[in-house]
>>> print(open('model-v8.csv').read())   # CSV, C-alpha atoms
chain,number,residue,atom,x,y,z
A,209,MET,CA,-31.0,-5.5,-16.6
A,210,ALA,CA,-30.9,-9.0,-18.1
A,211,LYS,CA,-28.3,-7.9,-20.7
A,212,GLN,CA,-26.2,-6.3,-18.0
A,213,ALA,CA,-26.2,-9.5,-15.9
A,214,ARG,CA,-25.2,-11.5,-19.0
A,215,ALA,CA,-22.4,-9.1,-19.7
A,216,VAL,CA,-21.1,-9.4,-16.2
A,217,GLN,CA,-21.3,-13.2,-16.4
A,218,THR,CA,-19.5,-13.2,-19.7
A,219,ARG,CA,-16.7,-11.0,-18.4
A,220,ARG,CA,-16.4,-13.2,-15.3
A,221,SER,CA,-16.2,-16.4,-17.5
A,222,ILE,CA,-13.4,-14.8,-19.6
A,223,VAL,CA,-11.4,-13.8,-16.5
A,224,GLU,CA,-11.7,-17.2,-14.8
A,225,ALA,CA,-10.9,-19.1,-18.1
A,226,ALA,CA,-7.9,-16.8,-18.7
A,227,ALA,CA,-6.7,-17.3,-15.1
A,228,SER,CA,-6.6,-21.1,-15.7
A,229,VAL,CA,-4.8,-20.7,-19.0
A,230,PHE,CA,-2.2,-18.3,-17.6
A,231,ASP,CA,-1.7,-20.6,-14.6
A,232,ASP,CA,-1.1,-23.5,-16.9
A,233,TYR,CA,1.0,-21.8,-19.6
A,234,GLY,CA,2.2,-18.4,-18.5
A,235,TYR,CA,1.7,-15.1,-20.3
A,236,GLU,CA,3.7,-15.7,-23.5
A,237,ARG,CA,2.4,-19.2,-24.2
A,238,ALA,CA,-1.2,-18.4,-23.3
A,239,ALA,CA,-3.3,-18.4,-26.5
A,240,ILE,CA,-6.4,-16.3,-26.9
A,241,SER,CA,-8.0,-19.3,-28.7
A,242,GLU,CA,-7.6,-21.5,-25.6
A,243,ILE,CA,-9.1,-18.7,-23.4
A,244,LEU,CA,-12.1,-18.6,-25.8
A,245,ARG,CA,-12.4,-22.4,-25.7
A,246,ARG,CA,-12.4,-22.6,-21.9
A,247,ALA,CA,-14.7,-19.5,-21.5
A,248,LYS,CA,-17.1,-20.7,-24.2
A,249,VAL,CA,-17.4,-17.2,-25.6
A,250,THR,CA,-16.8,-15.7,-29.0
A,251,LYS,CA,-13.8,-13.6,-30.0
A,252,GLY,CA,-16.1,-10.6,-30.4
A,253,ALA,CA,-17.4,-11.1,-26.8
A,254,LEU,CA,-13.9,-11.3,-25.5
A,255,TYR,CA,-12.7,-8.1,-27.3
A,256,PHE,CA,-15.8,-6.3,-26.2
A,257,HIS,CA,-14.7,-6.6,-22.6
A,258,PHE,CA,-10.9,-6.6,-23.1
A,259,ALA,CA,-8.8,-4.8,-25.7
A,260,SER,CA,-5.9,-7.2,-25.4
A,261,LYS,CA,-4.3,-10.2,-23.7
A,262,GLU,CA,-2.4,-7.7,-21.5
A,263,ALA,CA,-5.7,-6.2,-20.4
A,264,ILE,CA,-7.0,-9.6,-19.3
A,265,ALA,CA,-3.7,-10.2,-17.4
A,266,GLN,CA,-4.1,-6.9,-15.6
A,267,ALA,CA,-7.6,-7.7,-14.6
A,268,ILE,CA,-6.4,-11.0,-13.1
A,269,MET,CA,-3.6,-9.2,-11.2
A,270,ASP,CA,-6.1,-6.7,-9.9
A,271,GLU,CA,-8.2,-9.6,-8.5
A,272,GLN,CA,-5.1,-11.2,-7.0
A,273,THR,CA,-4.4,-8.0,-5.1
A,274,ALA,CA,-7.9,-8.0,-3.7
A,275,THR,CA,-7.5,-11.6,-2.4
A,276,VAL,CA,-5.9,-10.4,0.9
A,277,ASP,CA,-7.9,-8.3,3.4
A,278,LEU,CA,-5.6,-6.5,5.8
A,279,VAL,CA,-7.7,-5.6,8.8
A,280,GLU,CA,-6.6,-2.4,10.5
A,281,ASP,CA,-8.4,-3.1,13.7
A,282,GLY,CA,-6.5,-4.9,16.5
A,283,SER,CA,-2.9,-5.9,15.9
A,284,PRO,CA,-1.4,-4.7,12.6
A,285,LEU,CA,1.4,-7.3,12.8
A,286,GLN,CA,-1.1,-10.1,13.3
A,287,SER,CA,-3.1,-8.7,10.4
A,288,LEU,CA,0.0,-8.9,8.2
A,289,VAL,CA,0.6,-12.5,9.2
A,290,ASP,CA,-3.1,-13.4,8.6
A,291,GLY,CA,-3.0,-11.7,5.2
A,292,GLY,CA,0.0,-13.6,4.2
A,293,GLN,CA,-1.6,-16.9,5.3
A,294,GLN,CA,-4.8,-15.9,3.4
A,295,PHE,CA,-2.7,-15.5,0.2
A,296,ALA,CA,-0.8,-18.7,0.9
A,297,PHE,CA,-4.1,-20.6,1.1
A,298,ALA,CA,-5.3,-18.9,-2.1
A,299,LEU,CA,-2.2,-20.0,-4.0
A,300,ARG,CA,-3.1,-23.6,-3.2
A,301,HIS,CA,-6.8,-23.5,-4.0
A,302,ASP,CA,-7.4,-20.6,-6.4
A,303,SER,CA,-6.2,-20.4,-10.0
A,304,MET,CA,-6.8,-16.7,-9.9
A,305,ALA,CA,-4.2,-16.2,-7.2
A,306,ARG,CA,-1.7,-18.6,-8.9
A,307,ALA,CA,-2.2,-17.0,-12.3
A,308,GLY,CA,-1.8,-13.5,-10.8
A,309,THR,CA,1.4,-14.5,-9.1
A,310,ARG,CA,2.9,-16.1,-12.2
A,311,LEU,CA,1.9,-13.1,-14.3
A,312,SER,CA,3.5,-10.8,-11.7
A,313,ILE,CA,6.8,-12.6,-11.8
A,314,GLU,CA,6.8,-12.9,-15.5
A,315,GLY,CA,5.9,-9.2,-15.8
A,316,VAL,CA,9.1,-8.2,-14.1
A,317,PHE,CA,11.2,-10.0,-16.7
A,318,LEU,CA,9.1,-9.3,-19.7
A,319,GLY,CA,8.5,-5.6,-19.0
A,320,GLY,CA,4.8,-6.2,-18.3
A,321,PRO,CA,2.5,-5.0,-15.4
A,322,HIS,CA,3.0,-6.3,-11.9
A,323,PRO,CA,1.4,-5.5,-8.5
A,324,TRP,CA,4.5,-5.4,-6.3
A,325,SER,CA,4.2,-1.7,-5.6
A,326,ASP,CA,0.7,-2.3,-4.3
A,327,TRP,CA,1.7,-5.1,-2.1
A,328,ILE,CA,4.6,-3.2,-0.7
A,329,ALA,CA,2.5,-0.1,-0.1
A,330,ALA,CA,-0.2,-2.1,1.8
A,331,THR,CA,2.5,-3.8,3.9
A,332,CYS,CA,4.2,-0.5,4.6
A,333,ARG,CA,1.0,1.0,5.8
A,334,MET,CA,0.4,-1.9,8.3
A,335,LEU,CA,4.0,-1.5,9.6
A,336,GLU,CA,3.4,2.3,10.1
A,337,LEU,CA,0.2,1.4,12.0
A,338,GLY,CA,2.3,-1.0,14.1
A,339,LYS,CA,4.7,1.7,15.0
A,340,GLU,CA,1.9,4.1,16.0
A,341,ARG,CA,0.4,1.3,18.2
A,342,GLY,CA,3.7,0.3,19.8
A,343,GLU,CA,4.1,-3.1,18.1
A,344,VAL,CA,6.9,-2.2,15.7
A,345,LEU,CA,10.3,-1.1,17.0
A,346,PRO,CA,11.0,2.6,16.6
A,347,GLN,CA,14.1,2.2,14.5
A,348,VAL,CA,12.4,0.1,11.9
A,349,ASP,CA,12.0,1.7,8.4
A,350,PRO,CA,8.5,0.5,7.3
A,351,LEU,CA,9.2,0.8,3.6
A,352,VAL,CA,12.5,-1.2,3.8
A,353,SER,CA,10.9,-3.8,6.0
A,354,ALA,CA,7.8,-4.0,3.6
A,355,GLU,CA,10.1,-4.7,0.7
A,356,VAL,CA,11.9,-7.4,2.6
A,357,ILE,CA,8.6,-9.1,3.6
A,358,VAL,CA,7.1,-9.0,0.1
A,359,ALA,CA,10.4,-10.3,-1.4
A,360,SER,CA,10.7,-13.0,1.2
A,361,PHE,CA,7.1,-14.2,0.7
A,362,THR,CA,7.6,-14.3,-3.1
A,363,GLY,CA,10.7,-16.4,-2.9
A,364,ILE,CA,9.3,-18.7,-0.3
A,365,GLN,CA,6.2,-19.5,-2.3
A,366,LEU,CA,8.4,-20.3,-5.3
A,367,ILE,CA,10.5,-22.7,-3.3
A,368,SER,CA,7.4,-24.2,-1.8
A,369,GLU,CA,5.9,-24.7,-5.3
A,370,ALA,CA,9.1,-26.4,-6.5
A,371,ASN,CA,9.4,-28.7,-3.5
A,372,SER,CA,5.8,-29.6,-2.7
A,373,GLY,CA,3.4,-28.0,-5.1
A,374,ARG,CA,2.9,-25.4,-2.2
A,375,ALA,CA,1.5,-28.1,0.1
A,376,ASP,CA,3.9,-26.9,2.8
A,377,LEU,CA,3.4,-23.2,2.1
A,378,ARG,CA,1.5,-22.4,5.3
A,379,GLU,CA,4.4,-23.7,7.5
A,380,ARG,CA,7.0,-22.0,5.3
A,381,VAL,CA,5.3,-18.7,5.6
A,382,ALA,CA,5.1,-19.2,9.4
A,383,GLN,CA,8.8,-19.9,9.4
A,384,MET,CA,9.4,-16.6,7.5
A,385,TRP,CA,7.6,-14.7,10.2
A,386,ARG,CA,9.5,-16.4,13.0
A,387,HIS,CA,12.7,-15.1,11.4
A,388,ILE,CA,11.4,-11.6,10.5
A,389,LEU,CA,9.4,-10.7,13.6
A,390,PRO,CA,12.4,-10.5,16.0
A,391,SER,CA,13.9,-7.8,13.8
A,392,ILE,CA,10.9,-5.6,13.6
A,393,ALA,CA,8.6,-6.2,16.6
A,394,HIS,CA,8.9,-5.6,20.4
A,395,PRO,CA,9.7,-8.8,22.2
A,396,GLY,CA,6.5,-8.5,24.3
A,397,VAL,CA,4.4,-8.4,21.1
A,398,ILE,CA,6.0,-11.4,19.4
A,399,VAL,CA,4.7,-13.9,22.0
A,400,HIS,CA,1.2,-12.9,21.1
A,401,ILE,CA,1.6,-13.2,17.3
A,402,LYS,CA,0.5,-16.5,15.7
A,403,PRO,CA,2.8,-17.1,12.7
A,404,GLU,CA,0.5,-19.7,11.3
A,405,GLY,CA,-2.4,-17.2,11.3
A,406,ARG,CA,-5.3,-16.9,13.7
A,407,VAL,CA,-7.4,-19.2,11.6
A,408,ASP,CA,-6.6,-22.6,10.0
A,409,LEU,CA,-8.1,-21.8,6.6
A,410,ALA,CA,-7.8,-25.3,5.4
A,411,ALA,CA,-9.7,-26.7,8.3
A,412,GLN,CA,-12.2,-24.0,8.0
A,413,ALA,CA,-12.8,-24.8,4.3
A,414,LEU,CA,-13.2,-28.5,5.1
A,415,GLU,CA,-15.7,-27.7,7.8
A,416,ARG,CA,-17.6,-25.5,5.4
A,417,GLU,CA,-17.6,-28.3,2.8
A,418,ARG,CA,-18.9,-30.8,5.4
A,419,LEU,CA,-21.8,-28.5,6.4
A,420,GLU,CA,-22.7,-27.8,2.7
A,421,ALA,CA,-22.7,-31.6,2.1
A,422,GLU,CA,-25.0,-32.1,5.1
A,423,GLU,CA,-27.4,-29.4,3.9
A,424,SER,CA,-27.4,-30.8,0.4
A,425,ALA,CA,-28.1,-34.3,1.7
A,426,ALA,CA,-30.9,-32.9,4.0
A,427,GLY,CA,-32.4,-31.1,1.0
A,428,ALA,CA,-32.3,-34.2,-1.1
A,429,ALA,CA,-34.0,-36.2,1.6
A,430,ALA,CA,-36.8,-33.7,2.3
A,431,PRO,CA,-39.0,-34.6,-0.8
A,432,VAL,CA,-38.7,-38.3,0.1
A,433,GLY,CA,-39.9,-37.6,3.6
A,434,ALA,CA,-42.7,-35.5,2.3
A,435,VAL,CA,-43.9,-38.3,0.0
A,436,VAL,CA,-43.7,-40.8,2.8
A,437,GLY,CA,-45.7,-38.4,5.0
A,438,GLU,CA,-48.4,-38.0,2.4
A,439,ALA,CA,-48.6,-41.8,2.0
A,440,VAL,CA,-49.0,-42.3,5.7
A,441,GLY,CA,-51.6,-39.6,5.9
A,442,ALA,CA,-53.5,-41.2,3.0
A,443,SER,CA,-53.4,-44.6,4.7
A,444,VAL,CA,-54.7,-43.1,8.0
A,445,GLY,CA,-57.5,-41.3,6.2
A,446,ALA,CA,-58.5,-44.5,4.4
A,447,ALA,CA,-58.5,-46.5,7.6
A,448,GLY,CA,-60.7,-43.8,9.2
>>> encode(input="model-v8.csv", output="C-alpha cells")
Amino acid sequence: MAKQARAVQTRRSIVEAAASVFDDYGYERAAISEILRRAKVTKGALYFHFASKEAIAQAIMDEQTATVDLVEDGSPLQSLVDGGQQFAFALRHDSMARAGTRLSIEGVFLGGPHPWSDWIAATCRMLELGKERGEVLPQVDPLVSAEVIVASFTGIQLISEANSGRADLRERVAQMWRHILPSIAHPGVIVHIKPEGRVDLAAQALERERLEAEESAAGAAAPVGAVVGEAVGASVGAAG
C-alpha cells in the first residue's frame, strides 16, 4: 500500500509540474528536463507513468475537462452558466486549467489531442435538458448552439488573457451569456438566470482562506494557552 501511495504521489507531482511547464512554454517548447526538474523525479519514474510528452499533455487535458461540474438538477441553463464561471475562475487560479486550455488550442493547429468534442457534447446535453424542461426555445438546435457557446467562451478567454491576464474574465463571460441567452432561452427564464453565476467563487475562496488562517492561528495559540494553564495550575497548587 505504501508503494502504491508513493506511485500515486509521483504521478501527481509529474502532472502538476508538467502543467506549470506547459502553461509557461506551450507544448512544443516544453522540455522533459524541465518537467523532471520541477517534479523532482527521475526520468525513469516519469516514463514509468507516461510513455511520452503527448501522454502527459492528454492527462492534463483530461483533468481540465473534469474541472467543471454541470449539475443536471434544477435549471440546466443556470448550470451551464455556473459551469462556465467555474472554469473562468480556474483559468485565473489553476495552472492545470490554463495548461489544458493552451494545449487544447495548440492541439488544433499542431494536429494533437484536444477536448473540444467533450465540451461541446456536455454543453449540448444541458441544452437538450433545457428543451425538455421548457427553458430552451423549441426551434433551437442544441448541437449548433453548443458549438457557438464553446467557441465564444474560447475566444473570450483569449481576449481576456490578452487584455487583463484574465482579471476581467468573470464579467466577460457574463456578457457572453447576456448576448447568447436571448437567442436560446424563453424570455420568462432569462430573468431568473444569473450570468455572473450563482456563487462568487473569488469571494468564496477569500472567505475560505480567512477561515483557514483563523483556524491555523487558533491551533498555533493552543499550545501556548496550555502552557500558561499548566503554569497557573502549578502556582495555585504551590500556594495551597
>>> closest_residue(input="model-v8.csv", among="A:His387, A:Arg214, A:Arg374, A:Arg310", to="Ser228 of chain A", atoms="all atoms listed in the file")
A:Arg310
>>> residues_around(input="model-v8.csv", residues="segment 346-363 of chain A", least_positions_apart="2", cutoff="8 Å", atoms="all atoms listed in the file", output="VMD selection string")
chain A and resid 292 324 327 to 329 331 to 333 335 to 336 339 344 365 to 367 381 384 388 392
>>> residues_near_point(input="model-v8.csv", point="(-11.2, -17.9, -3.6)", cutoff="12 Å", atoms="only C-alpha atoms", output="compact mmCIF listing (two decimals) with C-alpha atoms, in the frame of the given file")
# COMPACT_ATOMS: atom_id res chain seq x y z
CA GLU A 224 -11.70 -17.20 -14.80
CA GLU A 271 -8.20 -9.60 -8.50
CA GLN A 272 -5.10 -11.20 -7.00
CA ALA A 274 -7.90 -8.00 -3.70
CA THR A 275 -7.50 -11.60 -2.40
CA VAL A 276 -5.90 -10.40 0.90
CA GLN A 294 -4.80 -15.90 3.40
CA PHE A 295 -2.70 -15.50 0.20
CA ALA A 296 -0.80 -18.70 0.90
CA PHE A 297 -4.10 -20.60 1.10
CA ALA A 298 -5.30 -18.90 -2.10
CA LEU A 299 -2.20 -20.00 -4.00
CA ARG A 300 -3.10 -23.60 -3.20
CA HIS A 301 -6.80 -23.50 -4.00
CA ASP A 302 -7.40 -20.60 -6.40
CA SER A 303 -6.20 -20.40 -10.00
CA MET A 304 -6.80 -16.70 -9.90
CA ALA A 305 -4.20 -16.20 -7.20
CA ARG A 306 -1.70 -18.60 -8.90
CA LEU A 409 -8.10 -21.80 6.60
CA ALA A 413 -12.80 -24.80 4.30
>>> closest_residue(input="model-v8.csv", among="A:Ala247, A:Val229, A:Ala382, A:Val279", to="Pro403 of chain A", atoms="all atoms listed in the file")
A:Ala382
>>> atom_distance(input="model-v8.csv", atom1="atom CA of Glu369 of chain A", atom2="atom CA of Gln286 of chain A")
24.7 Å
>>> closest_residue(input="model-v8.csv", among="A:Asp270, A:Thr218, A:Ser283, A:Ile364", to="Gly252 of chain A", atoms="all atoms listed in the file")
A:Thr218
>>> atom_distance(input="model-v8.csv", atom1="atom CA of Glu314 of chain A", atom2="atom CA of Glu236 of chain A")
9.0 Å
>>> atom_distance(input="model-v8.csv", atom1="atom CA of Ala238 of chain A", atom2="atom CA of Ala265 of chain A")
10.4 Å
>>> residues_around(input="model-v8.csv", residues="Arg341 of chain A", least_positions_apart="3", cutoff="12 Å", atoms="all atoms listed in the file", output="VMD selection string")
chain A and resid 280 to 285 334 to 338 344 to 346 393 to 394 397
>>> closest_residue(input="model-v8.csv", among="A:Val249, A:Ile313, A:Ile222, A:Ala375", to="Met269 of chain A", atoms="only C-alpha atoms")
A:Ile313
>>> closest_residue(input="model-v8.csv", among="A:Gln383, A:Ser260, A:Asn371, A:Thr309", to="Gly234 of chain A", atoms="all atoms listed in the file")
A:Thr309
>>> closest_residue(input="model-v8.csv", among="A:Lys261, A:Arg378, A:His400, A:Arg237", to="Glu343 of chain A", atoms="only C-alpha atoms")
A:His400
>>> residues_around(input="model-v8.csv", residues="Ile268 of chain A", least_positions_apart="5", cutoff="9 Å", atoms="all atoms listed in the file", output="number ranges by chain")
A: 223-224, 226-227, 263, 273, 304-305, 307-308, 311
